[in-house]
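run_27.cif, holding mmCIF, C-alpha atoms and all ligand atoms:
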```cif
data_final
loop_
_atom_site.label_atom_id
_atom_site.label_comp_id
_atom_site.auth_asym_id
_atom_site.auth_seq_id
_atom_site.Cartn_x
_atom_site.Cartn_y
_atom_site.Cartn_z
CA MET A 530 82.77 67.66 95.28
CA LEU A 531 85.01 67.91 92.24
CA LYS A 532 83.38 71.22 91.39
CA ASN A 533 84.23 72.49 94.84
CA ILE A 534 87.85 71.50 94.57
CA THR A 535 88.16 73.14 91.16
CA ARG A 536 86.65 76.31 92.44
CA SER A 537 88.80 76.44 95.54
CA TYR A 538 91.86 75.86 93.38
CA SER A 539 91.01 78.69 91.01
CA THR A 540 90.34 81.14 93.83
CA ALA A 541 93.18 79.95 96.02
CA ARG A 542 95.82 82.07 94.34
CA PRO A 543 96.44 85.03 96.64
CA ARG A 544 95.21 88.26 95.08
CA VAL A 545 97.79 91.04 95.00
CA GLY A 546 97.11 94.56 93.72
CA ILE A 547 99.93 96.82 92.58
CA LEU A 548 98.85 100.42 93.12
CA MET A 549 100.89 102.71 90.89
CA LEU A 550 101.06 106.12 92.54
CA ASN A 551 101.66 109.43 90.78
CA LEU A 552 100.38 113.01 90.65
CA GLY A 553 98.23 112.45 87.58
CA GLY A 554 97.19 115.12 85.13
CA PRO A 555 94.01 116.57 83.62
CA GLU A 556 92.86 114.58 80.57
CA THR A 557 90.52 117.33 79.32
CA SER A 558 90.14 121.12 79.67
CA ALA A 559 87.22 120.55 82.04
CA ALA A 560 89.48 118.50 84.31
CA VAL A 561 92.08 121.28 84.71
CA HIS A 562 90.30 123.26 87.45
CA PRO A 563 89.50 120.27 89.70
CA PHE A 564 93.11 119.11 89.20
CA LEU A 565 94.56 122.48 90.27
CA LEU A 566 92.12 122.78 93.15
CA ARG A 567 93.23 119.42 94.54
CA LEU A 568 96.88 120.40 94.02
CA PHE A 569 96.58 123.73 95.83
CA SER A 570 94.46 122.16 98.61
CA ASP A 571 97.05 119.45 99.33
CA ARG A 572 98.14 120.08 102.91
CA ASP A 573 101.13 117.79 102.45
CA LEU A 574 102.33 120.11 99.68
CA ILE A 575 101.30 123.50 100.99
CA PRO A 576 100.79 123.80 104.76
CA LEU A 577 98.10 126.38 105.53
CA PRO A 578 98.20 126.55 109.33
CA PHE A 579 96.59 130.01 109.37
CA LEU A 580 93.58 128.91 107.34
CA GLN A 581 92.12 126.09 109.39
CA GLY A 582 88.44 125.44 109.82
CA GLY A 583 85.72 126.52 107.43
CA LYS A 584 87.85 128.89 105.36
CA THR A 585 90.47 126.29 104.50
CA ASN A 586 89.55 126.17 100.83
CA LEU A 587 89.25 129.87 100.00
CA LEU A 588 92.88 130.49 99.06
CA PRO A 589 93.27 127.25 97.08
CA ARG A 590 90.08 128.12 95.20
CA PHE A 591 91.37 131.59 94.36
CA ILE A 592 94.77 130.36 93.15
CA ALA A 593 93.34 127.42 91.18
CA LYS A 594 90.77 129.61 89.44
CA ARG A 595 93.33 132.26 88.53
CA ARG A 596 95.77 129.74 87.03
CA THR A 597 93.25 127.57 85.12
CA PRO A 598 93.14 129.51 81.78
CA LYS A 599 96.93 129.51 81.35
CA ILE A 600 97.21 125.79 82.16
CA ILE A 601 94.35 124.93 79.74
CA GLU A 602 96.27 126.81 77.04
CA GLN A 603 99.43 124.78 77.78
CA TYR A 604 97.54 121.48 77.61
CA ASN A 605 95.91 122.57 74.35
CA LYS A 606 99.38 122.91 72.85
CA ILE A 607 100.21 119.28 73.70
CA GLY A 608 96.98 117.85 72.30
CA GLY A 609 94.37 118.86 74.89
CA GLY A 610 95.26 116.75 77.92
CA SER A 611 97.81 114.86 79.95
CA PRO A 612 98.86 111.40 78.67
CA ILE A 613 99.95 110.23 82.14
CA LYS A 614 96.98 107.91 82.73
CA MET A 615 97.49 106.21 79.38
CA TRP A 616 101.21 105.67 80.06
CA THR A 617 100.68 104.49 83.64
CA GLU A 618 98.06 101.94 82.54
CA GLU A 619 100.17 100.67 79.63
CA GLN A 620 103.24 100.38 81.85
CA GLY A 621 101.22 98.68 84.59
CA ASN A 622 99.60 96.20 82.19
CA ALA A 623 102.95 95.25 80.63
CA MET A 624 104.57 94.95 84.06
CA VAL A 625 101.80 92.71 85.46
CA GLU A 626 101.95 90.46 82.43
CA ARG A 627 105.66 89.86 83.12
CA VAL A 628 105.24 89.58 86.91
CA SER A 629 102.52 86.96 86.37
CA GLU A 630 104.99 84.91 84.33
CA LEU A 631 107.52 85.09 87.15
CA CYS A 632 104.98 84.43 89.95
CA PRO A 633 102.25 82.23 88.36
CA GLU A 634 100.95 81.20 91.77
CA LEU A 635 99.80 84.75 92.44
CA ASP A 636 96.82 86.59 90.98
CA VAL A 637 98.39 90.00 90.29
CA LYS A 638 96.56 93.08 89.03
CA ASN A 639 97.70 96.69 88.48
CA TYR A 640 95.78 99.78 89.57
CA THR A 641 96.44 103.48 89.06
CA GLY A 642 96.16 105.93 91.98
CA PHE A 643 96.63 109.64 91.29
CA ARG A 644 96.95 112.36 93.93
CA TYR A 645 95.25 115.18 91.98
CA ALA A 646 93.35 113.54 89.07
CA GLU A 647 91.13 110.56 88.47
CA PRO A 648 91.46 107.72 89.23
CA LEU A 649 92.08 109.14 92.72
CA THR A 650 94.21 107.03 95.06
CA GLU A 651 91.47 106.65 97.71
CA ASP A 652 88.95 105.47 95.09
CA ALA A 653 91.49 103.02 93.68
CA MET A 654 92.04 101.60 97.18
CA ASP A 655 88.29 101.07 97.65
CA GLN A 656 88.09 99.48 94.20
CA MET A 657 90.92 97.07 95.03
CA GLU A 658 89.10 96.02 98.16
CA ALA A 659 85.86 95.54 96.23
CA ASP A 660 87.77 93.36 93.73
CA GLY A 661 88.84 91.07 96.56
CA ILE A 662 92.49 92.12 96.62
CA GLU A 663 94.14 90.73 99.76
CA HIS A 664 97.37 92.69 99.65
CA CYS A 665 98.12 96.13 98.22
CA VAL A 666 101.63 97.11 97.16
CA ALA A 667 101.85 100.90 97.16
CA PHE A 668 104.31 101.39 94.31
CA THR A 669 105.41 105.02 93.88
CA GLN A 670 106.15 105.96 90.30
CA TYR A 671 108.56 108.67 91.45
CA PRO A 672 111.97 106.94 91.46
CA GLN A 673 113.37 109.57 93.87
CA TYR A 674 111.61 110.19 97.20
CA SER A 675 110.27 113.65 98.02
CA CYS A 676 107.81 114.44 100.78
CA SER A 677 105.95 116.64 98.26
CA THR A 678 105.48 113.73 95.82
CA SER A 679 105.73 110.15 97.15
CA GLY A 680 105.31 111.39 100.74
CA SER A 681 102.09 113.20 99.85
CA SER A 682 100.68 110.07 98.14
CA PHE A 683 101.62 107.81 101.07
CA ASN A 684 100.14 110.33 103.55
CA GLY A 685 96.93 110.32 101.48
CA MET A 686 96.78 106.53 101.62
CA TYR A 687 97.50 106.48 105.34
CA ARG A 688 94.75 109.02 106.07
CA HIS A 689 92.28 106.96 104.05
CA ILE A 690 93.17 103.81 106.02
CA ILE A 691 92.70 105.68 109.34
CA LYS A 692 89.44 107.27 108.13
CA ARG A 693 88.04 103.83 107.29
CA GLN A 694 89.07 102.57 110.73
CA LYS A 695 87.37 105.51 112.45
CA GLU A 696 84.20 104.86 110.45
CA GLY A 697 84.18 101.36 111.90
CA LYS A 698 84.80 99.67 108.51
CA PRO A 699 88.56 99.08 108.44
CA MET A 700 90.09 98.15 105.08
CA ASN A 701 90.16 94.46 104.42
CA MET A 702 93.68 94.48 102.87
CA THR A 703 97.26 94.44 104.06
CA PHE A 704 99.73 97.02 102.71
CA SER A 705 103.40 97.29 101.83
CA ALA A 706 105.36 99.91 99.89
CA ILE A 707 107.96 100.29 97.17
CA ASP A 708 109.05 103.72 98.28
CA ARG A 709 112.15 104.65 96.22
CA TRP A 710 114.29 103.20 93.46
CA ALA A 711 116.57 106.04 92.33
CA THR A 712 119.56 103.79 91.66
CA HIS A 713 117.89 100.58 90.49
CA PRO A 714 120.30 99.04 87.91
CA LEU A 715 117.57 98.69 85.28
CA LEU A 716 116.41 102.30 85.77
CA VAL A 717 120.02 103.42 85.29
CA LYS A 718 120.38 101.16 82.24
CA SER A 719 117.13 102.51 80.75
CA PHE A 720 118.35 106.10 80.96
CA ALA A 721 121.78 105.18 79.58
CA GLU A 722 120.17 103.42 76.60
CA LEU A 723 117.84 106.32 75.81
CA ILE A 724 120.69 108.85 76.08
CA ASN A 725 122.89 106.76 73.77
CA LYS A 726 120.02 106.44 71.30
CA GLN A 727 119.74 110.24 71.16
CA LEU A 728 123.53 110.69 70.97
CA ASP A 729 123.49 108.43 67.90
CA GLU A 730 121.50 111.16 66.14
CA VAL A 731 124.47 113.55 66.48
CA ASP A 732 127.32 113.80 63.96
CA PRO A 733 130.10 111.54 65.35
CA LYS A 734 132.58 114.40 65.36
CA ASP A 735 130.34 116.43 67.72
CA ARG A 736 128.99 113.62 69.88
CA HIS A 737 131.45 114.00 72.78
CA LYS A 738 130.71 117.73 72.98
CA VAL A 739 127.01 117.28 73.75
CA VAL A 740 126.25 118.65 77.22
CA LEU A 741 123.81 116.34 79.04
CA LEU A 742 121.35 118.49 80.98
CA PHE A 743 119.64 116.23 83.49
CA SER A 744 116.49 118.13 84.37
CA ALA A 745 114.28 117.35 87.36
CA HIS A 746 111.22 119.10 88.75
CA SER A 747 112.44 121.70 91.24
CA LEU A 748 111.42 122.04 94.90
CA PRO A 749 110.74 125.15 97.01
CA MET A 750 113.81 125.94 99.14
CA SER A 751 111.55 125.64 102.20
CA VAL A 752 111.14 121.94 101.32
CA VAL A 753 114.87 121.48 100.60
CA ASN A 754 115.79 123.14 103.91
CA ARG A 755 113.39 120.91 105.82
CA GLY A 756 115.76 118.11 104.82
CA ASP A 757 113.84 116.56 101.93
CA PRO A 758 115.75 113.58 100.46
CA TYR A 759 114.86 114.34 96.80
CA PRO A 760 117.79 116.52 95.66
CA GLN A 761 120.26 113.94 96.93
CA GLU A 762 118.36 111.00 95.39
CA VAL A 763 118.05 112.72 92.00
CA ALA A 764 121.79 113.42 92.08
CA ALA A 765 122.38 109.73 92.87
CA THR A 766 120.43 108.71 89.73
CA VAL A 767 122.48 111.14 87.64
CA GLU A 768 125.83 109.82 88.95
CA HIS A 769 124.81 106.20 88.36
CA VAL A 770 123.71 107.00 84.80
CA MET A 771 126.96 108.88 84.09
CA LYS A 772 128.99 105.98 85.46
CA ALA A 773 127.07 103.62 83.16
CA LEU A 774 128.01 105.93 80.27
CA ASN A 775 131.68 105.93 81.39
CA TYR A 776 131.36 109.69 81.91
CA SER A 777 131.36 110.05 78.11
CA ASN A 778 129.97 113.60 78.12
CA PRO A 779 129.98 116.77 80.23
CA TYR A 780 126.80 117.12 82.29
CA ARG A 781 124.86 119.15 84.84
CA LEU A 782 121.82 118.51 87.02
CA VAL A 783 119.36 121.42 86.65
CA TRP A 784 115.85 122.09 87.98
CA GLN A 785 112.69 123.03 86.10
CA SER A 786 109.05 124.07 86.60
CA LYS A 787 109.25 126.56 89.49
CA VAL A 788 105.91 128.27 90.19
CA GLY A 789 105.01 131.27 92.34
CA PRO A 790 107.13 133.91 94.02
CA SER A 791 109.11 131.87 96.60
CA GLU A 792 112.72 130.67 96.29
CA TRP A 793 113.16 127.32 94.54
CA LEU A 794 116.14 125.03 94.08
CA GLY A 795 118.26 126.06 91.06
CA VAL A 796 119.81 126.46 88.59
CA PRO A 797 116.60 126.68 86.57
CA THR A 798 116.73 124.60 83.37
CA ASP A 799 115.95 127.53 81.04
CA ASP A 800 118.65 129.74 82.62
CA ALA A 801 121.10 126.85 82.35
CA ILE A 802 120.38 126.39 78.63
CA LYS A 803 120.88 130.11 77.93
CA GLY A 804 124.02 130.34 80.08
CA LEU A 805 125.64 127.26 78.56
CA ILE A 806 124.94 128.47 75.02
CA LYS A 807 126.37 131.90 75.84
CA ASN A 808 129.47 130.12 77.21
CA GLY A 809 129.99 128.56 73.78
CA ASN A 810 128.24 125.17 74.03
CA LYS A 811 126.37 124.37 70.82
CA HIS A 812 124.96 120.90 71.54
CA LEU A 813 122.66 120.32 74.49
CA MET A 814 120.55 117.28 75.39
CA MET A 815 117.83 117.55 78.04
CA VAL A 816 117.25 114.34 80.00
CA PRO A 817 113.99 114.13 82.05
CA ILE A 818 115.46 112.31 85.06
CA ALA A 819 112.61 112.42 87.62
CA PHE A 820 109.50 111.38 85.65
CA THR A 821 108.77 107.99 84.17
CA SER A 822 106.63 109.09 81.22
CA ASP A 823 105.78 112.07 79.05
CA HIS A 824 103.73 114.78 80.70
CA ILE A 825 103.29 118.55 80.53
CA GLU A 826 106.85 119.20 81.80
CA THR A 827 108.47 117.27 78.94
CA LEU A 828 105.98 117.95 76.15
CA TYR A 829 105.32 121.61 76.89
CA GLU A 830 108.22 122.97 78.96
CA MET A 831 111.06 120.96 77.47
CA ASP A 832 109.87 120.56 73.89
CA ILE A 833 108.08 123.89 73.35
CA GLU A 834 109.43 126.44 75.87
CA TYR A 835 113.04 125.23 76.14
CA GLY A 836 113.14 123.56 72.72
CA GLU A 837 111.30 125.47 69.99
CA ASP A 838 111.38 128.88 71.67
CA MET A 839 115.12 128.66 72.46
CA ARG A 840 115.86 127.46 68.95
CA ASN A 841 114.36 130.72 67.69
CA GLU A 842 116.51 132.72 70.11
CA PHE A 843 119.69 130.72 69.38
CA PRO A 844 119.37 129.41 65.80
CA ASP A 845 122.93 128.00 65.80
CA ALA A 846 122.40 125.84 68.88
CA ASN A 847 121.39 122.18 68.71
CA ILE A 848 118.94 121.64 71.60
CA MET A 849 117.66 118.07 71.91
CA ARG A 850 115.75 115.94 74.38
CA CYS A 851 116.14 112.23 74.98
CA GLU A 852 112.96 110.16 74.99
CA SER A 853 111.00 109.61 78.19
CA LEU A 854 111.00 106.10 79.70
CA ASN A 855 107.38 105.45 78.59
CA MET A 856 107.24 101.87 77.22
CA HIS A 857 111.01 101.38 76.80
CA SER A 858 111.48 97.62 77.23
CA THR A 859 114.33 97.86 79.76
CA PHE A 860 112.14 100.15 81.84
CA ILE A 861 109.25 97.65 81.84
CA GLU A 862 111.80 95.07 83.06
CA CYS A 863 112.79 97.55 85.79
CA LEU A 864 109.18 97.87 87.02
CA THR A 865 108.81 94.08 86.80
CA GLU A 866 111.95 93.38 88.82
CA LEU A 867 111.02 95.94 91.48
CA VAL A 868 107.64 94.28 92.02
CA ALA A 869 108.83 90.66 91.72
CA ASP A 870 111.71 91.26 94.15
CA HIS A 871 109.32 93.00 96.55
CA LEU A 872 106.89 90.07 96.47
CA LYS A 873 109.73 87.64 97.15
CA SER A 874 110.97 89.71 100.09
CA ASP A 875 109.13 90.21 103.35
CA GLY A 876 107.84 93.54 102.04
CA MET A 877 109.95 95.66 104.34
CA THR A 878 111.35 98.99 103.20
CA ILE A 879 114.94 100.09 103.80
CA PRO A 880 115.43 101.91 107.15
CA GLN A 881 115.46 105.25 105.29
CA MET A 882 111.65 105.08 104.95
CA ALA A 883 111.20 105.27 108.73
CA LEU A 884 113.14 108.54 109.12
CA ARG A 885 111.24 111.81 108.99
CA CYS A 886 112.88 114.94 107.61
CA PRO A 887 114.91 116.66 110.36
CA MET A 888 112.67 119.74 110.19
CA CYS A 889 109.36 117.95 109.50
CA VAL A 890 106.31 119.49 111.22
CA ASN A 891 103.64 117.46 109.38
CA PRO A 892 101.88 115.30 112.01
CA THR A 893 100.88 112.64 109.46
CA CYS A 894 104.46 111.86 108.35
CA GLY A 895 105.50 110.03 111.55
CA PRO A 896 102.65 107.51 111.78
CA MET A 897 102.59 107.11 107.97
CA ARG A 898 106.29 106.26 107.86
CA GLY A 899 105.84 103.87 110.79
CA PHE A 900 102.94 102.18 109.02
CA PHE A 901 104.59 101.67 105.63
CA SER A 902 108.05 100.77 106.96
CA SER A 903 106.83 98.01 109.28
CA ARG A 904 104.25 96.36 107.05
CA LYS A 905 105.12 92.79 106.13
CA LEU A 906 103.77 90.77 103.27
CA PRO A 907 101.42 87.95 104.23
CA GLN A 908 103.46 84.74 104.42
CA SER A 909 101.18 83.07 101.85
CA ILE A 910 102.33 85.57 99.22
CA VAL A 911 106.05 85.40 100.04
CA GLU A 912 105.95 81.61 99.86
CA CYS A 913 104.13 81.68 96.53
CA CYS A 914 106.89 83.66 94.86
CA LYS A 915 109.82 81.97 96.58
CA SER A 916 108.74 78.47 95.61
CA GLU A 917 108.57 79.52 91.96
CA GLU A 918 111.89 81.34 91.74
CA GLU A 919 114.13 79.59 94.23
CA GLY A 920 112.78 76.04 94.21
CA PRO A 921 114.97 74.64 91.43
CA ILE A 922 118.04 76.60 92.57
CA LYS A 923 117.73 75.41 96.16
CA SER A 924 117.62 71.77 95.04
CA PHE A 925 121.22 72.17 93.83
CA GLY A 926 122.43 73.38 97.22
C1 LIG B 1001 107.45 117.82 92.10
C2 LIG B 1001 108.47 115.64 90.80
C3 LIG B 1001 109.21 116.25 91.78
C4 LIG B 1001 103.43 125.12 95.54
C5 LIG B 1001 102.66 125.15 94.26
C6 LIG B 1001 101.63 124.07 94.17
C7 LIG B 1001 105.66 122.50 97.05
C8 LIG B 1001 105.49 122.21 94.71
C9 LIG B 1001 106.77 120.53 94.45
C10 LIG B 1001 107.54 119.46 93.86
C11 LIG B 1001 106.70 117.20 91.11
C12 LIG B 1001 107.23 116.12 90.46
C13 LIG B 1001 108.70 117.34 92.43
C14 LIG B 1001 104.29 123.95 95.65
C15 LIG B 1001 104.74 123.65 96.98
N1 LIG B 1001 106.00 121.85 95.90
N2 LIG B 1001 105.97 121.38 93.78
N3 LIG B 1001 106.80 120.80 95.74
N4 LIG B 1001 106.90 118.89 92.74
N5 LIG B 1001 104.65 123.23 94.59
O1 LIG B 1001 106.11 122.17 98.12
CL1 LIG B 1001 109.12 114.28 89.96
FE1 LIG B 1002 109.50 114.97 105.20
FE2 LIG B 1002 107.42 115.11 106.97
S1 LIG B 1002 108.07 116.54 105.47
S2 LIG B 1002 108.87 113.54 106.71
#
```

Do you think you could lay out the structure here as structure tokens?
Amino acid sequence: MLKNITRSYSTARPRVGILMLNLGGPETSAAVHPFLLRLFSDRDLIPLPFLQGGKTNLLPRFIAKRRTPKIIEQYNKIGGGSPIKMWTEEQGNAMVERVSELCPELDVKNYTGFRYAEPLTEDAMDQMEADGIEHCVAFTQYPQYSCSTSGSSFNGMYRHIIKRQKEGKPMNMTFSAIDRWATHPLLVKSFAELINKQLDEVDPKDRHKVVLLFSAHSLPMSVVNRGDPYPQEVAATVEHVMKALNYSNPYRLVWQSKVGPSEWLGVPTDDAIKGLIKNGNKHLMMVPIAFTSDHIETLYEMDIEYGEDMRNEFPDANIMRCESLNMHSTFIECLTELVADHLKSDGMTIPQMALRCPMCVNPTCGPMRGFFSSRKLPQSIVECCKSEEEGPIKSFG
């Protein structure tokens, strides 16, 4: 009898899984081709209406194969592979440790779900279910929402849930989403702290002259003109960070990492660096504003292509980069607060999540947005967190 009670107590804590979503990156040279193949086969990223049926994967295969050697070379220059899995796991572990302190009545565990690399999102979902997770919080690690990043991950999750239903073995978990957090006060504070830390490296007499170059991954103009929310949300992060810095320095938002022949949102980061230097600016600081950890775009593009290579071209210029968020303590608090606040709420998203892009033609987006914007947290979980946080405060009222 006693044994039974003990056991039911220890398993009574509701099990919540926090699924941290991101693109992922190849950890080894051998992982580069499968990574690119998944990327170029992503129909949420690249619609291929004219290649339906059996030939769907011919073009992606061709493009992925052609690009693999160059990408392997880039990863070799940053140590052989992407560190994104390591960072995501470290961030997730630190976050869950703090969330567990805030919500001791919950059994919280973090998982990593990548769109194009292992651990793949669908596999992580199945693993969560196998671990007995009752509720999954789909937590996008892109602070600013784009349909080609967060939207693609959420569509992937939604398709997996529908697939399992159609197979007659529906997933035994409920779902909610943390879909965007571009202006979270602790995200803004994290960036401001890291920028100030880098500014401290500059001679005080030059500090105010440093041009802050906020650099985000660009988007094809076809995506921008569909009405994607990302450019606006990235700009919102930049303005909040500048306000936190009391507009201490001149700044621009610029866009990096264009690939292929189509038109992309500009001005490209490398052009901006060259143009600003030619216009007489000597001190530049790149700020990676749309990623939460180091990856090929900071370590290779920013540090090698725009850093070292530009320093050879313009030896008088001082081109710097501020650190990525990585394990910055304020940033871990940001992740913690996002999750803890979500668990205390009913799990609803803001109304923005329900609205498709004005020019959206992707048939998955509508039902996916409906699914993730109406999901509520099980009452057992909400009550768990509320009693912990608000109990003592309420007793004063
Ligand atoms: C992106 C972040 C923001 C064709 C080549 C595969 C397309 C694309 C992106 C945006 C990554 C990280 C944005 C395409 C087609 N997109 N890249 N969109 N990537 N490549 O629609 Cl933080
Ligand atoms: Fe934005 Fe479909 S592309 S909602």

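With distances taken over all atoms listed in the file, A:Asp823 is the one residue among A:Asp823, A:Glu722, A:Glu556, A:Asp838 lying closest to ligand LIG 1001 (chain B).
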
Could I get the residue neighbourhood of ligand LIG 1002 (chain B) at 12 Å, counting all atoms listed in the file, as number ranges by chain? A: 572-576, 674-681, 683-684, 751-759, 881-899

Under the rule that all atoms listed in the file are counted, which of A:Ser629, A:Ser611, A:Thr878, A:Asn810 is the nearest residue to Asp735 (chain A)?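 Smallest separation from Asp735 (chain A) among the options: A:Asn810.
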
For CA of Arg544 (chain A) and CA of Thr865 (chain A), the interatomic separation in Å (one decimal):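 Atom-to-atom, CA of Arg544 (chain A) and CA of Thr865 (chain A) are spaced 17.0 Å apart.
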
Enter the distance from CA of Leu864 (chain A) to CA of Tyr604 (chain A), in Å, rounded to one decimal. 28.0 Å

From A:Ala646, A:Met849, A:Val545, A:Val788, residue lying nearest Glu634 (chain A) [all atoms listed in the file]: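 Closest candidate: A:Val545.
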
Counting all atoms listed in the file, figure out which residue out of A:Phe820, A:Phe591, A:Tyr645, A:Phe901 gets nearest to ligand LIG 1001 (chain B).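 For ligand LIG 1001 (chain B), the nearest of the candidates is A:Phe820.
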
For Met750 (chain A), work out the shell of residues within 7 Å, counting all atoms listed in the file and skipping chain neighbours fewer than 5 positions away, then give it as a PyMOL selection string. chain A and resi 792-794

Hey, what's within 8 Å of region 858-861 of chain A if we count all atoms listed in the file and toss same-chain stuff fewer than 5 positions away? As a list in words, please?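 Counting all atoms listed in the file, the residues come to Gln620, Ala623, Met624, Leu715, Leu716, Lys718 and Ser719 of chain A.
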
Rank nothing, just name the residue among A:Thr766, A:Thr703, A:Asn808, A:Ser786 nearest to ligand LIG 1001 (chain B), using only C-alpha atoms and all ligand atoms.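 Of the candidates, the smallest distance to ligand LIG 1001 (chain B) is held by A:Ser786.
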
Might I get the box with edges along x, y and z of the file that holds all atoms of region 718-727 of chain A listed there, padded by 3 Å on every side, given as centre and edge lengths in Å to one decimal, as JSON?
```
{"center_x": 120.0, "center_y": 105.7, "center_z": 76.7, "size_x": 11.8, "size_y": 15.1, "size_z": 17.1}
```

Separating CA of Ile879 (chain A) from CA of Lys905 (chain A), to the nearest tenth of an Å, is a gap of 12.5 Å

Counting all atoms listed in the file, which residues sit no farther than 12 Å from the position (87.8, 94.1, 105.6) in the file's frame? I'd like them as an MDAnalysis selection string. chainID A and resid 655 657:664 690 693:694 697:703

Looking at only C-alpha atoms and all ligand atoms, which of A:Trp784, A:Trp616, A:Tyr640, A:Tyr776 is the one that sits closest to ligand LIG 1001 (chain B)?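 Looking only at the distances to ligand LIG 1001 (chain B), the closest residue turns out to be A:Trp784.
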
10 Å contact set for region 907-915 of chain A, only C-alpha atoms, chain neighbours under 6 positions out, as a list in words: Arg542, Pro543, Arg544, Val545, Leu631, Cys632, Pro633, Glu634, Leu635, Asp636, Glu663, His664, Thr703, Phe704, Ser705, Ala869, Asp870, His871, Leu872, Lys873, Ser874, Asp875 and Gly876 of chain A

Contacts of Val740 (chain A) at 10 Å or less, counting all atoms listed in the file, minus same-chain residues fewer than 5 places along, as a list in words?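 Here the qualifying residues turn out to be Asn778, Pro779, Tyr780, Arg781, Ile802, Leu805, Asn810, Lys811, His812, Leu813, Met814, Met815 and Ile848 of chain A.
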
Within-9 Å shell of (98.8, 116.7, 79.3) in input frame, all atoms listed in the file, as a PyMOL selection string: chain A and resi 554-557+603-613+823-826+828-829

Output requested as a PDB file, in the coordinates of the input - region 599-610 of chain A, filled out with N, CA and C atoms.
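Ended up saving to rebuild-v1.pdb:
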```
ATOM      1  N   LYS A 599      95.567 129.668  81.883  1.00  0.00           N
ATOM      2  CA  LYS A 599      96.930 129.510  81.350  1.00  0.00           C
ATOM      3  C   LYS A 599      97.294 128.023  81.224  1.00  0.00           C
ATOM      4  N   ILE A 600      96.871 127.229  82.198  1.00  0.00           N
ATOM      5  CA  ILE A 600      97.210 125.790  82.160  1.00  0.00           C
ATOM      6  C   ILE A 600      96.424 125.098  81.044  1.00  0.00           C
ATOM      7  N   ILE A 601      95.138 125.505  80.849  1.00  0.00           N
ATOM      8  CA  ILE A 601      94.350 124.930  79.740  1.00  0.00           C
ATOM      9  C   ILE A 601      95.051 125.189  78.414  1.00  0.00           C
ATOM     10  N   GLU A 602      95.560 126.438  78.265  1.00  0.00           N
ATOM     11  CA  GLU A 602      96.270 126.810  77.040  1.00  0.00           C
ATOM     12  C   GLU A 602      97.496 125.914  76.817  1.00  0.00           C
ATOM     13  N   GLN A 603      98.238 125.648  77.903  1.00  0.00           N
ATOM     14  CA  GLN A 603      99.430 124.780  77.780  1.00  0.00           C
ATOM     15  C   GLN A 603      99.025 123.372  77.359  1.00  0.00           C
ATOM     16  N   TYR A 604      97.974 122.823  77.981  1.00  0.00           N
ATOM     17  CA  TYR A 604      97.540 121.480  77.610  1.00  0.00           C
ATOM     18  C   TYR A 604      97.015 121.439  76.181  1.00  0.00           C
ATOM     19  N   ASN A 605      96.377 122.535  75.741  1.00  0.00           N
ATOM     20  CA  ASN A 605      95.910 122.570  74.350  1.00  0.00           C
ATOM     21  C   ASN A 605      97.062 122.437  73.374  1.00  0.00           C
ATOM     22  N   LYS A 606      98.223 122.974  73.746  1.00  0.00           N
ATOM     23  CA  LYS A 606      99.380 122.910  72.850  1.00  0.00           C
ATOM     24  C   LYS A 606     100.025 121.520  72.814  1.00  0.00           C
ATOM     25  N   ILE A 607      99.666 120.647  73.761  1.00  0.00           N
ATOM     26  CA  ILE A 607     100.210 119.280  73.700  1.00  0.00           C
ATOM     27  C   ILE A 607      99.094 118.267  73.383  1.00  0.00           C
ATOM     28  N   GLY A 608      98.016 118.768  72.762  1.00  0.00           N
ATOM     29  CA  GLY A 608      96.980 117.850  72.300  1.00  0.00           C
ATOM     30  C   GLY A 608      95.737 117.802  73.179  1.00  0.00           C
ATOM     31  N   GLY A 609      95.617 118.712  74.139  1.00  0.00           N
ATOM     32  CA  GLY A 609      94.370 118.860  74.890  1.00  0.00           C
ATOM     33  C   GLY A 609      94.368 118.272  76.286  1.00  0.00           C
ATOM     34  N   GLY A 610      95.277 117.338  76.582  1.00  0.00           N
ATOM     35  CA  GLY A 610      95.260 116.750  77.920  1.00  0.00           C
ATOM     36  C   GLY A 610      96.541 116.007  78.234  1.00  0.00           C
TER      37      GLY A 610
END
```
